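Enquirer: You'll find upload-v6.cif just under this line, and it carries mmCIF, C-alpha atoms and all ligand atoms.
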```cif
data_run
loop_
_atom_site.label_atom_id
_atom_site.label_comp_id
_atom_site.auth_asym_id
_atom_site.auth_seq_id
_atom_site.Cartn_x
_atom_site.Cartn_y
_atom_site.Cartn_z
CA MET J 1 82.57 96.85 118.60
CA LYS J 2 80.19 98.05 115.89
CA GLU J 3 81.08 97.99 112.19
CA ASP J 4 80.04 100.94 110.10
CA GLY J 5 79.96 100.64 106.30
CA ASN J 6 81.18 97.85 104.03
CA ILE J 7 84.18 99.49 102.32
CA PRO J 8 87.29 98.49 104.23
CA THR J 9 89.74 101.11 105.45
CA THR J 10 93.06 100.67 103.64
CA VAL J 11 95.93 101.05 106.08
CA LEU J 12 99.41 101.27 104.55
CA CYS J 13 102.02 100.09 107.07
CA CYS J 14 105.53 101.30 106.17
CA VAL J 15 108.63 99.51 107.46
CA GLY J 16 112.25 100.18 106.60
CA THR J 17 114.63 98.73 109.16
CA ARG J 18 114.92 95.81 111.57
CA PRO J 19 113.29 97.43 114.63
CA GLU J 20 110.40 98.77 112.54
CA VAL J 21 109.45 95.24 111.47
CA ILE J 22 109.67 93.97 115.06
CA LYS J 23 107.54 96.83 116.37
CA MET J 24 105.05 96.97 113.48
CA ALA J 25 104.52 93.19 113.22
CA PRO J 26 101.98 93.11 116.10
CA VAL J 27 100.10 96.05 114.54
CA ILE J 28 100.09 94.44 111.08
CA ARG J 29 98.83 91.17 112.57
CA ALA J 30 96.05 92.98 114.48
CA LEU J 31 95.03 94.92 111.35
CA GLN J 32 94.97 91.72 109.31
CA ALA J 33 92.54 90.29 111.87
CA ALA J 34 90.27 93.37 111.88
CA PRO J 35 87.28 92.78 109.59
CA TRP J 36 86.99 96.49 108.67
CA ALA J 37 90.64 96.94 107.65
CA ARG J 38 92.61 96.16 104.51
CA CYS J 39 96.25 96.07 105.58
CA ARG J 40 98.99 96.68 103.01
CA VAL J 41 102.66 96.37 103.92
CA LEU J 42 105.19 98.67 102.27
CA ALA J 43 108.88 97.88 102.76
CA THR J 44 111.16 100.77 101.88
CA ALA J 45 114.02 98.30 102.44
CA GLN J 46 116.20 101.03 103.89
CA HIS J 47 117.69 97.87 105.40
CA ARG J 48 117.80 94.84 103.12
CA HIS J 49 119.13 91.75 104.90
CA LEU J 50 118.07 92.85 108.40
CA LEU J 51 114.58 93.69 107.15
CA ASP J 52 114.15 90.40 105.28
CA GLN J 53 115.41 88.45 108.30
CA MET J 54 112.68 90.01 110.46
CA LEU J 55 109.89 89.75 107.87
CA GLU J 56 110.69 86.06 107.65
CA PHE J 57 110.70 85.64 111.44
CA PHE J 58 107.25 87.23 111.77
CA GLY J 59 105.87 85.41 108.71
CA LEU J 60 105.19 88.68 106.90
CA SER J 61 105.76 89.70 103.32
CA ALA J 62 105.78 93.12 101.70
CA ASP J 63 103.02 93.99 99.23
CA ILE J 64 105.24 96.78 97.90
CA ASP J 65 109.04 96.80 98.11
CA LEU J 66 110.95 99.98 97.22
CA ASN J 67 114.31 98.21 97.63
CA VAL J 68 116.22 101.46 98.24
CA MET J 69 119.21 100.27 100.31
CA THR J 70 122.67 100.92 98.90
CA ALA J 71 125.98 100.15 100.60
CA ASN J 72 127.11 102.87 103.00
CA GLN J 73 124.11 105.03 102.06
CA ARG J 74 124.04 108.74 102.89
CA LEU J 75 121.06 110.53 104.40
CA PRO J 76 120.42 113.03 101.56
CA GLU J 77 120.24 110.39 98.81
CA LEU J 78 118.19 108.01 100.96
CA THR J 79 115.74 110.76 101.93
CA ALA J 80 115.37 112.10 98.39
CA GLN J 81 114.81 108.65 96.88
CA LEU J 82 112.25 107.76 99.51
CA ILE J 83 110.16 110.92 99.14
CA VAL J 84 109.80 110.43 95.38
CA ARG J 85 109.12 106.70 95.52
CA LEU J 86 106.75 106.89 98.49
CA ASP J 87 104.78 109.62 96.74
CA ARG J 88 104.42 107.46 93.62
CA THR J 89 103.24 104.54 95.75
CA LEU J 90 100.69 106.65 97.61
CA ALA J 91 99.30 107.85 94.29
CA GLU J 92 98.85 104.25 93.15
CA GLU J 93 97.68 102.70 96.44
CA LYS J 94 95.45 105.55 97.66
CA PRO J 95 95.44 104.37 101.29
CA ASP J 96 93.02 105.89 103.81
CA ILE J 97 95.75 106.13 106.41
CA VAL J 98 99.53 105.61 106.50
CA LEU J 99 101.31 104.18 109.57
CA ALA J 100 104.99 104.03 110.47
CA GLN J 101 106.89 103.39 113.69
CA GLY J 102 109.76 105.23 115.33
CA ASP J 103 112.35 107.68 114.11
CA THR J 104 114.18 106.41 111.04
CA THR J 105 114.48 108.08 107.66
CA THR J 106 111.71 105.75 106.48
CA VAL J 107 109.36 107.16 109.13
CA PHE J 108 110.11 110.83 108.47
CA THR J 109 109.74 110.44 104.70
CA ALA J 110 106.54 108.37 105.05
CA ALA J 111 105.02 111.11 107.21
CA LEU J 112 106.07 113.84 104.77
CA ALA J 113 104.91 111.93 101.68
CA ALA J 114 101.51 111.26 103.33
CA PHE J 115 101.25 114.93 104.29
CA TYR J 116 101.94 116.05 100.70
CA ARG J 117 99.13 113.71 99.52
CA ARG J 118 96.84 114.89 102.37
CA ILE J 119 96.54 111.37 103.72
CA PRO J 120 96.37 111.06 107.54
CA PHE J 121 99.55 109.67 109.10
CA GLY J 122 99.58 107.62 112.30
CA HIS J 123 102.82 107.65 114.29
CA VAL J 124 103.56 104.51 116.29
CA GLU J 125 105.98 105.14 119.20
CA ALA J 126 105.19 108.86 119.21
CA GLY J 127 106.50 111.44 121.64
CA LEU J 128 109.94 110.06 122.53
CA ARG J 129 112.32 112.98 123.01
CA SER J 130 115.94 113.34 124.08
CA HIS J 131 115.38 117.13 123.86
CA ASN J 132 118.67 117.38 122.00
CA LEU J 133 118.44 117.70 118.20
CA ALA J 134 122.07 116.64 117.87
CA SER J 135 121.62 113.29 119.63
CA PRO J 136 120.47 110.80 118.64
CA PHE J 137 121.25 112.06 115.16
CA PRO J 138 119.22 112.18 112.98
CA GLU J 139 116.51 110.34 114.93
CA GLU J 140 115.50 113.19 117.28
CA ALA J 141 114.72 115.38 114.25
CA ASN J 142 113.00 112.54 112.43
CA ARG J 143 110.53 111.87 115.23
CA LEU J 144 109.87 115.56 115.90
CA LEU J 145 109.15 116.20 112.24
CA ALA J 146 107.07 113.05 111.79
CA GLY J 147 105.20 113.89 114.99
CA HIS J 148 104.20 117.32 113.79
CA LEU J 149 102.89 115.86 110.53
CA SER J 150 100.78 113.19 112.28
CA ALA J 151 97.04 112.97 112.65
CA LEU J 152 97.28 110.20 115.26
CA HIS J 153 99.99 109.77 117.89
CA PHE J 154 100.45 106.39 119.56
CA ALA J 155 102.52 107.29 122.61
CA PRO J 156 104.04 104.31 124.43
CA THR J 157 104.10 105.94 127.89
CA PRO J 158 102.54 108.86 129.81
CA LYS J 159 105.91 110.67 129.59
CA ALA J 160 105.81 110.46 125.79
CA ARG J 161 102.26 111.84 125.87
CA ALA J 162 103.44 114.72 128.09
CA ASN J 163 106.19 115.58 125.57
CA LEU J 164 103.59 115.81 122.81
CA LEU J 165 101.23 117.95 124.89
CA ARG J 166 104.11 120.34 125.66
CA GLU J 167 104.64 120.71 121.91
CA GLY J 168 101.01 121.71 121.41
CA ILE J 169 99.69 118.42 120.02
CA ALA J 170 95.95 118.13 120.74
CA ASP J 171 95.15 115.70 123.53
CA GLU J 172 92.39 113.96 121.56
CA ARG J 173 94.92 112.93 118.90
CA ILE J 174 97.17 111.17 121.46
CA HIS J 175 96.61 107.58 122.57
CA VAL J 176 98.79 106.07 125.28
CA THR J 177 99.09 102.47 124.12
CA GLY J 178 102.29 100.96 125.49
CA ASN J 179 105.12 100.04 123.16
CA THR J 180 104.43 97.36 120.58
CA VAL J 181 107.93 95.95 121.19
CA ILE J 182 106.58 94.40 124.39
CA ASP J 183 103.79 92.70 122.38
CA ALA J 184 106.46 91.23 120.07
CA LEU J 185 108.79 90.31 122.94
CA LEU J 186 106.20 88.52 125.05
CA THR J 187 105.09 86.43 122.08
CA ALA J 188 108.67 85.56 121.05
CA ALA J 189 109.71 84.82 124.65
CA GLU J 190 107.08 82.04 124.87
CA THR J 191 109.25 79.88 122.59
CA SER J 192 112.85 79.01 123.34
CA THR J 193 114.68 79.24 120.02
CA PRO J 194 118.35 78.15 120.09
CA ILE J 195 120.84 81.00 119.67
CA GLY J 196 122.86 79.00 117.16
CA VAL J 197 126.26 80.17 118.46
CA PRO J 198 128.47 77.71 120.44
CA LEU J 199 128.54 79.39 123.86
CA ASP J 200 130.15 77.98 127.02
CA PRO J 201 127.34 77.17 129.50
CA SER J 202 129.72 77.52 132.46
CA ARG J 203 130.42 81.21 131.74
CA ARG J 204 128.21 84.21 132.48
CA LEU J 205 126.96 85.84 129.29
CA ILE J 206 127.25 89.52 128.36
CA LEU J 207 125.21 90.47 125.31
CA VAL J 208 126.38 93.52 123.34
CA THR J 209 124.89 95.51 120.45
CA ALA J 210 125.95 98.86 119.00
CA HIS J 211 125.11 100.73 115.83
CA ARG J 212 124.29 104.42 116.48
CA ARG J 213 125.60 107.13 114.15
CA ASP J 214 126.54 109.19 117.23
CA SER J 215 129.04 106.44 118.11
CA PHE J 216 130.84 106.20 114.78
CA GLY J 217 134.63 106.66 115.08
CA GLU J 218 136.25 106.97 118.49
CA PRO J 219 133.15 106.09 120.62
CA ILE J 220 132.68 102.67 118.99
CA ARG J 221 136.41 102.03 119.47
CA GLN J 222 135.99 102.80 123.19
CA VAL J 223 133.06 100.39 123.40
CA CYS J 224 135.20 97.65 121.83
CA THR J 225 138.19 98.17 124.08
CA ALA J 226 135.89 98.29 127.12
CA VAL J 227 134.33 94.94 126.16
CA ARG J 228 137.82 93.47 125.75
CA GLU J 229 138.88 94.75 129.17
CA ILE J 230 135.75 93.39 130.87
CA CYS J 231 136.73 89.93 129.59
CA VAL J 232 140.26 90.30 130.97
CA ARG J 233 139.07 91.53 134.40
CA HIS J 234 136.31 88.91 134.75
CA PRO J 235 137.70 85.56 133.61
CA ASP J 236 134.34 83.76 134.09
CA VAL J 237 132.43 85.76 131.46
CA GLN J 238 131.88 85.44 127.72
CA VAL J 239 130.54 88.03 125.31
CA LEU J 240 128.08 87.56 122.48
CA TRP J 241 128.00 90.46 120.01
CA PRO J 242 125.77 90.14 116.92
CA VAL J 243 127.48 92.75 114.77
CA HIS J 244 125.39 95.30 112.84
CA PRO J 245 126.31 95.31 109.12
CA ASN J 246 126.76 99.09 108.97
CA PRO J 247 130.17 99.66 107.30
CA GLN J 248 130.96 102.33 109.93
CA VAL J 249 130.54 99.71 112.66
CA ARG J 250 131.46 96.21 111.52
CA PRO J 251 135.09 96.71 110.39
CA VAL J 252 135.94 98.55 113.63
CA VAL J 253 134.41 95.86 115.85
CA GLU J 254 136.08 93.07 113.89
CA SER J 255 139.47 94.73 113.81
CA ILE J 256 139.55 95.14 117.62
CA LEU J 257 137.71 92.02 118.81
CA ASN J 258 138.12 89.27 116.22
CA GLY J 259 139.89 86.28 117.77
CA VAL J 260 139.81 87.63 121.35
CA PRO J 261 139.19 84.63 123.67
CA HIS J 262 135.60 84.29 124.92
CA ILE J 263 134.28 87.04 122.64
CA HIS J 264 131.84 85.66 120.07
CA LEU J 265 131.17 88.03 117.18
CA CYS J 266 128.31 86.77 115.03
CA GLU J 267 125.95 87.82 112.27
CA PRO J 268 122.78 89.68 113.35
CA LEU J 269 120.46 87.18 115.00
CA SER J 270 116.88 86.61 114.02
CA TYR J 271 114.44 87.79 116.68
CA GLY J 272 113.79 84.37 118.28
CA PRO J 273 117.50 83.61 118.89
CA PHE J 274 118.13 87.20 120.01
CA VAL J 275 115.35 86.99 122.61
CA THR J 276 116.87 83.71 123.86
CA ALA J 277 120.25 85.48 124.13
CA MET J 278 118.67 88.31 126.14
CA LYS J 279 117.03 85.76 128.44
CA GLN J 280 120.34 83.91 128.96
CA ALA J 281 122.38 87.08 129.49
CA THR J 282 123.59 88.18 132.90
CA LEU J 283 124.12 91.70 131.59
CA ILE J 284 123.30 93.64 128.42
CA LEU J 285 125.38 96.48 126.95
CA THR J 286 123.69 98.39 124.13
CA ASP J 287 123.09 101.67 122.36
CA SER J 288 119.88 100.30 120.80
CA GLY J 289 116.50 101.84 121.43
CA GLY J 290 114.56 98.59 121.30
CA VAL J 291 116.96 96.61 123.49
CA GLN J 292 116.67 99.33 126.19
CA GLU J 293 112.94 98.59 126.28
CA GLU J 294 113.18 94.80 126.14
CA ALA J 295 115.92 94.19 128.74
CA PRO J 296 113.96 95.61 131.72
CA ALA J 297 110.89 93.57 130.75
CA LEU J 298 113.09 90.44 130.98
CA GLY J 299 114.64 91.54 134.29
CA LYS J 300 118.08 92.07 132.75
CA PRO J 301 120.28 94.98 133.84
CA VAL J 302 121.13 97.12 130.82
CA LEU J 303 124.00 99.58 130.48
CA VAL J 304 123.06 102.12 127.82
CA MET J 305 126.18 103.18 125.91
CA ARG J 306 124.84 106.63 125.06
CA ASN J 307 125.10 110.04 126.69
CA GLU J 308 121.34 110.62 126.78
CA SER J 309 118.20 108.63 126.19
CA GLU J 310 114.70 109.39 124.98
CA ARG J 311 113.61 106.44 127.11
CA PRO J 312 113.97 107.81 130.66
CA GLU J 313 111.42 105.49 132.27
CA ALA J 314 113.77 102.52 132.79
CA ILE J 315 116.61 104.76 133.93
CA GLU J 316 114.36 106.45 136.50
CA ALA J 317 113.14 103.03 137.65
CA GLY J 318 116.81 102.09 138.26
CA VAL J 319 116.80 99.09 135.90
CA ALA J 320 118.84 100.76 133.12
CA MET J 321 121.89 103.03 133.45
CA LEU J 322 123.43 105.56 131.07
CA VAL J 323 127.18 104.98 130.78
CA GLY J 324 127.94 106.72 127.48
CA PRO J 325 130.12 105.19 124.79
CA ASN J 326 132.85 105.70 127.39
CA HIS J 327 135.52 103.06 128.04
CA ASP J 328 136.07 103.74 131.75
CA ARG J 329 132.40 104.02 132.70
CA ILE J 330 131.46 100.86 130.81
CA VAL J 331 134.26 98.88 132.50
CA THR J 332 133.46 100.29 135.97
CA GLU J 333 129.70 99.81 135.88
CA ALA J 334 129.86 96.38 134.23
CA GLY J 335 132.48 95.41 136.85
CA ARG J 336 130.21 96.55 139.67
CA LEU J 337 127.27 94.51 138.37
CA LEU J 338 129.43 91.43 137.78
CA SER J 339 131.00 91.43 141.23
CA ASP J 340 128.42 93.00 143.59
CA PRO J 341 125.30 90.82 144.00
CA VAL J 342 123.43 93.60 145.83
CA ALA J 343 124.03 96.13 143.02
CA TYR J 344 123.06 93.44 140.53
CA ALA J 345 119.83 92.52 142.31
CA ARG J 346 118.84 96.21 142.48
CA MET J 347 118.95 96.42 138.67
CA ALA J 348 117.59 92.96 137.90
CA ARG J 349 114.19 93.55 139.47
CA GLY J 350 112.18 93.15 136.28
CA ALA J 351 110.05 96.12 135.37
CA SER J 352 108.13 96.89 132.23
CA PRO J 353 107.60 100.63 131.98
CA TYR J 354 107.09 100.30 128.21
CA GLY J 355 103.99 98.18 127.97
CA ASP J 356 101.83 95.21 128.87
CA GLY J 357 101.76 93.40 125.52
CA ARG J 358 98.44 94.91 124.34
CA ALA J 359 99.69 98.01 122.49
CA ALA J 360 98.76 96.80 118.99
CA GLU J 361 95.20 96.06 120.08
CA ARG J 362 94.83 99.64 121.39
CA ILE J 363 96.38 101.13 118.24
CA VAL J 364 94.00 99.24 115.95
CA GLN J 365 91.01 100.22 118.11
CA ALA J 366 92.06 103.90 117.85
CA ILE J 367 92.46 103.66 114.06
CA GLY J 368 89.02 102.05 113.77
CA GLU J 369 87.52 104.89 115.83
CA PHE J 370 89.41 107.57 113.87
CA THR J 371 88.22 106.23 110.52
CA GLY J 372 84.66 105.77 111.80
CA LYS J 373 84.75 101.99 111.40
CA ILE J 374 84.13 101.22 115.05
CA SER J 375 82.36 103.18 117.73
CA LYS J 376 84.28 104.59 120.67
CA SER J 377 84.76 102.16 123.53
C1 LIG R 401 119.10 102.78 110.79
C2 LIG R 401 118.34 103.99 111.33
C3 LIG R 401 118.45 104.01 112.85
C4 LIG R 401 118.00 102.67 113.44
C5 LIG R 401 118.78 101.54 112.80
C6 LIG R 401 118.25 100.20 113.28
C7 LIG R 401 118.27 106.10 110.03
C8 LIG R 401 118.99 107.32 109.64
N1 LIG R 401 118.95 105.23 110.82
O1 LIG R 401 120.48 102.95 111.09
O2 LIG R 401 117.62 105.04 113.37
O3 LIG R 401 118.22 102.69 114.83
O4 LIG R 401 118.61 101.58 111.37
O5 LIG R 401 119.21 99.19 113.05
O6 LIG R 401 117.14 105.91 109.64
N2 LIG R 401 123.31 97.62 105.92
C9 LIG R 401 123.43 96.43 105.26
N3 LIG R 401 122.41 95.52 105.37
C10 LIG R 401 121.30 95.76 106.09
C11 LIG R 401 121.19 96.98 106.78
C12 LIG R 401 122.21 97.90 106.68
O7 LIG R 401 124.41 96.17 104.59
O8 LIG R 401 120.41 94.89 106.15
C13 LIG R 401 124.41 98.62 105.79
C14 LIG R 401 124.36 99.31 104.41
O9 LIG R 401 125.67 99.57 103.98
C15 LIG R 401 123.64 100.63 104.71
C16 LIG R 401 124.19 100.92 106.09
O10 LIG R 401 124.25 99.65 106.76
O11 LIG R 401 123.90 101.64 103.78
C17 LIG R 401 123.45 101.92 106.91
O12 LIG R 401 122.06 101.66 106.94
P1 LIG R 401 121.06 102.85 107.43
O13 LIG R 401 119.66 102.32 107.44
O14 LIG R 401 121.30 104.09 106.63
O15 LIG R 401 121.54 103.18 108.89
P2 LIG R 401 121.63 102.32 110.20
O16 LIG R 401 122.89 102.73 110.90
O17 LIG R 401 121.39 100.90 109.90
N1 LIG R 402 117.72 92.52 117.53
C1 LIG R 402 117.67 91.27 116.91
N2 LIG R 402 118.83 90.67 116.52
C2 LIG R 402 120.05 91.24 116.72
C3 LIG R 402 120.10 92.52 117.35
C4 LIG R 402 118.93 93.13 117.73
O1 LIG R 402 116.58 90.71 116.74
O2 LIG R 402 121.05 90.63 116.36
C5 LIG R 402 116.45 93.21 117.88
C6 LIG R 402 116.32 93.66 119.32
O3 LIG R 402 115.71 92.68 120.12
C7 LIG R 402 115.44 94.91 119.19
C8 LIG R 402 115.78 95.44 117.82
O4 LIG R 402 116.40 94.39 117.11
O5 LIG R 402 114.05 94.59 119.22
C9 LIG R 402 116.68 96.64 117.92
O6 LIG R 402 117.18 96.97 116.67
P1 LIG R 402 118.37 98.00 116.50
O7 LIG R 402 119.22 98.00 117.70
O8 LIG R 402 118.97 97.72 115.17
O9 LIG R 402 117.60 99.40 116.34
P2 LIG R 402 117.06 100.50 117.38
O10 LIG R 402 116.12 99.83 118.32
O11 LIG R 402 118.24 101.11 118.06
O12 LIG R 402 116.39 101.49 116.49
#
```
Please express what this file holds, its structure, as structure tokens.
Ligand code: UD1
Ligand code: UDP
Expert:
Amino acid sequence: MKEDGNIPTTVLCCVGTRPEVIKMAPVIRALQAAPWARCRVLATAQHRHLLDQMLEFFGLSADIDLNVMTANQRLPELTAQLIVRLDRTLAEEKPDIVLAQGDTTTVFTAALAAFYRRIPFGHVEAGLRSHNLASPFPEEANRLLAGHLSALHFAPTPKARANLLREGIADERIHVTGNTVIDALLTAAETSTPIGVPLDPSRRLILVTAHRRDSFGEPIRQVCTAVREICVRHPDVQVLWPVHPNPQVRPVVESILNGVPHIHLCEPLSYGPFVTAMKQATLILTDSGGVQEEAPALGKPVLVMRNESERPEAIEAGVAMLVGPNHDRIVTEAGRLLSDPVAYARMARGASPYGDGRAAERIVQAIGEFTGKISKS
């Protein structure tokens, strides 16, 4: 690696929600260690408590905090606020490059604000596509729009790269890096942090998370009644569900599942305890993007409670299965895995199609090359 010039490159890393902190933390750490980079962390705080919980876990703090979250926020207000406040920040900070990860409103607005200021934008976790603008909503649009405003695309897998090439993105702008979630997971999995919830060690554990907008209303009700029925049909299991604070989710989950024997509803877990819960789980039910990537790397079968996924690699490898937010399919497929050891073993093989734990290193190398700070390897 050769350094070129003494003025550091200022990289503004934007984070807004829980998964963005988890997936950007390895990149922020790698930038902080790079002698040619000056890393600044901007929290939009689209999430407040969930964001702070993760910043604390990773030992990070925000240099700039826009503190935009309001209760039950709507997309138009959130988007409008963010564009204006991000623009003001970019004018003050004058970064050389802006980075954001994924497909949230924070990411789309960061890409657009950088574009308006003619500052290059680097998209971490680029190229994921469900090929359906309506689902996941609004994430498919967010990542498409952010992608087309990006100067650098950090695609986690060859499939993500192929999606970008099909959309006319120049090959030299795309770097296949792996997903930074695997970097974060492998580091966190080295330590065994207690979950902090009194579970029964004699029962098999099913870990559940759900939060998607597509599932608000009837679908999340079906997920809840399916989880309840699984507990009735399989008397040796217990469920741990750290409940997302979204007001469209939490009251529904609590009204159906509070007080049901062997179902533990808890506050969102910090990353260390959540990784321990994934490791202890027999089975994971989720509509989360990140959990779909982590479960296969830990060898845990994952039922994806969505109708489609922008993460086809694990499904094609047979270690994840789409079941929709559909009561009958969730009960049937969970039942099969809980009672058929052969079906279980087929899905519990352990595969990591999303990375090898070195994604952040590759991303920082590519940024150094792009900004002329280090020569091409
Ligand atoms: C957001 C992202 C979604 C991502 C998810 C990760 C958008 C449109 N959605 O969804 O892509 O998968 O984060 O979890 O960008 N709330 C709190 N405290 C918190 C966080 C949220 O009370 O720490 C409540 C607030 O009432 C807030 C609401 O949840 O208004 C919704 O938050 P929002 O970020 O708009 O949507 P999520 O469903 O969390
Ligand atoms: N996660 C966590 N604690 C929890 C639930 C999830 O640390 O109580 C982590 C999980 O390991 C994954 C990420 O949060 O890395 C996923 O976040 P979420 O499901 O909110 O968002 P998505 O990935 O769907 O965008």
Enquirer: Could you tell me how far atom N1 of ligand LIG 401 (chain R) lies from atom CA of Thr105 of chain J, in Å and to one decimal?
Expert: 6.2 Å
Enquirer: Kindly give the distance, in Å, that separates atom CA of Gly259 of chain J and atom CA of Phe274 of chain J, rounded to a single decimal.
Expert: 21.9 Å
Enquirer: Between atom CA of Val304 of chain J and atom CA of Met69 of chain J, measure the distance and give it in Å to one decimal.
Expert: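 That distance, rounded to one decimal, is 27.8 Å.
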Enquirer: Which residues of segment 122-237 of chain J come within 12 Å of segment 42-60 of chain J, and what is each one's closest atom pair and distance in Å (one decimal), counting all atoms listed in the file, sorted by chain and residue number, as a Markdown table?
Expert:
```
| residue | atom | partner | partner_atom | distance |
| --- | --- | --- | --- | --- |
| J:Ala184 | CA | J:Phe58 | CA | 9.2 |
| J:Leu185 | CA | J:Phe58 | CA | 11.7 |
| J:Thr187 | CA | J:Phe58 | CA | 10.6 |
| J:Ala188 | CA | J:Phe58 | CA | 9.5 |
| J:Thr193 | CA | J:Phe57 | CA | 11.4 |
```
Enquirer: Name the residues, by chain letter and number, that sit within 7 Å of ligand LIG 401 (chain R) using only C-alpha atoms and all ligand atoms, and give them as a PyMOL selection string.
Expert: chain J and resi 17-19+46-51+69-75+103-106+138-139+211-213+245-247+288-289
Enquirer: Report the centre and edge lengths, in Å to one decimal, of an axis-aligned box enclosing every atom of segment 102-120 of chain J listed in the file, padded by 4 Å on each side, as JSON.
Expert:
```
{"center_x": 105.4, "center_y": 110.6, "center_z": 107.4, "size_x": 26.1, "size_y": 18.8, "size_z": 23.8}
```
Enquirer: List all protein, DNA and RNA residues that have an atom no more than 7 Å from any atom of ligand LIG 402 (chain R), counting all atoms listed in the file, and report them as a compact mmCIF listing (two decimals) with C-alpha atoms, in the frame of the given file.
Expert:
```txt
# COMPACT_ATOMS: atom_id res chain seq x y z
CA ARG J 18 114.92 95.81 111.57
CA PRO J 19 113.29 97.43 114.63
CA ILE J 22 109.67 93.97 115.06
CA VAL J 181 107.93 95.95 121.19
CA THR J 209 124.89 95.51 120.45
CA ALA J 210 125.95 98.86 119.00
CA HIS J 211 125.11 100.73 115.83
CA PRO J 242 125.77 90.14 116.92
CA VAL J 243 127.48 92.75 114.77
CA GLU J 267 125.95 87.82 112.27
CA PRO J 268 122.78 89.68 113.35
CA LEU J 269 120.46 87.18 115.00
CA SER J 270 116.88 86.61 114.02
CA TYR J 271 114.44 87.79 116.68
CA PHE J 274 118.13 87.20 120.01
CA VAL J 275 115.35 86.99 122.61
CA ASP J 287 123.09 101.67 122.36
CA SER J 288 119.88 100.30 120.80
CA GLY J 289 116.50 101.84 121.43
CA GLY J 290 114.56 98.59 121.30
CA VAL J 291 116.96 96.61 123.49
CA GLU J 294 113.18 94.80 126.14
```
Enquirer: From the list J:Ala30, J:Met347, J:Pro325, J:Glu140, which residue is nearest Glu310 of chain J when using all atoms listed in the file?
Expert: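 Smallest distance to Glu310 of chain J is found for J:Glu140.
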Enquirer: Would you be able to write out as a JSON list (two decimals) with C-alpha atoms, in the frame of the given file which residues have an atom within 12 Å of (109.3, 90.7, 124.8) in the file's coordinates, counting all atoms listed in the file?
Expert:
```json
[["chain", "number", "residue", "atom", "x", "y", "z"],
["J", 22, "ILE", "CA", 109.67, 93.97, 115.06],
["J", 23, "LYS", "CA", 107.54, 96.83, 116.37],
["J", 26, "PRO", "CA", 101.98, 93.11, 116.10],
["J", 179, "ASN", "CA", 105.12, 100.04, 123.16],
["J", 180, "THR", "CA", 104.43, 97.36, 120.58],
["J", 181, "VAL", "CA", 107.93, 95.95, 121.19],
["J", 182, "ILE", "CA", 106.58, 94.40, 124.39],
["J", 183, "ASP", "CA", 103.79, 92.70, 122.38],
["J", 184, "ALA", "CA", 106.46, 91.23, 120.07],
["J", 185, "LEU", "CA", 108.79, 90.31, 122.94],
["J", 186, "LEU", "CA", 106.20, 88.52, 125.05],
["J", 187, "THR", "CA", 105.09, 86.43, 122.08],
["J", 188, "ALA", "CA", 108.67, 85.56, 121.05],
["J", 189, "ALA", "CA", 109.71, 84.82, 124.65],
["J", 190, "GLU", "CA", 107.08, 82.04, 124.87],
["J", 191, "THR", "CA", 109.25, 79.88, 122.59],
["J", 271, "TYR", "CA", 114.44, 87.79, 116.68],
["J", 272, "GLY", "CA", 113.79, 84.37, 118.28],
["J", 274, "PHE", "CA", 118.13, 87.20, 120.01],
["J", 275, "VAL", "CA", 115.35, 86.99, 122.61],
["J", 276, "THR", "CA", 116.87, 83.71, 123.86],
["J", 278, "MET", "CA", 118.67, 88.31, 126.14],
["J", 279, "LYS", "CA", 117.03, 85.76, 128.44],
["J", 290, "GLY", "CA", 114.56, 98.59, 121.30],
["J", 291, "VAL", "CA", 116.96, 96.61, 123.49],
["J", 292, "GLN", "CA", 116.67, 99.33, 126.19],
["J", 293, "GLU", "CA", 112.94, 98.59, 126.28],
["J", 294, "GLU", "CA", 113.18, 94.80, 126.14],
["J", 295, "ALA", "CA", 115.92, 94.19, 128.74],
["J", 296, "PRO", "CA", 113.96, 95.61, 131.72],
["J", 297, "ALA", "CA", 110.89, 93.57, 130.75],
["J", 298, "LEU", "CA", 113.09, 90.44, 130.98],
["J", 299, "GLY", "CA", 114.64, 91.54, 134.29],
["J", 300, "LYS", "CA", 118.08, 92.07, 132.75],
["J", 351, "ALA", "CA", 110.05, 96.12, 135.37],
["J", 352, "SER", "CA", 108.13, 96.89, 132.23],
["J", 354, "TYR", "CA", 107.09, 100.30, 128.21],
["J", 355, "GLY", "CA", 103.99, 98.18, 127.97],
["J", 356, "ASP", "CA", 101.83, 95.21, 128.87],
["J", 357, "GLY", "CA", 101.76, 93.40, 125.52],
["J", 358, "ARG", "CA", 98.44, 94.91, 124.34]]
```
Enquirer: Using only C-alpha atoms, can you list as number ranges by chain the residues within 7 Å of (96.2, 107.8, 121.4)?
Expert: J: 152-155, 173-177, 366
Enquirer: Under the rule of at most 12 Å, produce a per-residue listing of segment 85-112 of chain J near segment 36-41 of chain J: chain, number, name, the closest pair of atoms, and the distance in Å, as JSON lines, using all atoms listed in the file.
Expert:
```
{"residue": "J:Thr89", "atom": "CA", "partner": "J:Arg40", "partner_atom": "CA", "distance": 11.5}
{"residue": "J:Leu90", "atom": "CA", "partner": "J:Arg40", "partner_atom": "CA", "distance": 11.5}
{"residue": "J:Glu93", "atom": "CA", "partner": "J:Arg40", "partner_atom": "CA", "distance": 9.0}
{"residue": "J:Lys94", "atom": "CA", "partner": "J:Arg40", "partner_atom": "CA", "distance": 10.9}
{"residue": "J:Pro95", "atom": "CA", "partner": "J:Arg40", "partner_atom": "CA", "distance": 8.6}
{"residue": "J:Asp96", "atom": "CA", "partner": "J:Arg38", "partner_atom": "CA", "distance": 9.8}
{"residue": "J:Ile97", "atom": "CA", "partner": "J:Cys39", "partner_atom": "CA", "distance": 10.1}
{"residue": "J:Val98", "atom": "CA", "partner": "J:Arg40", "partner_atom": "CA", "distance": 9.6}
{"residue": "J:Leu99", "atom": "CA", "partner": "J:Val41", "partner_atom": "CA", "distance": 9.7}
{"residue": "J:Ala100", "atom": "CA", "partner": "J:Val41", "partner_atom": "CA", "distance": 10.3}
```
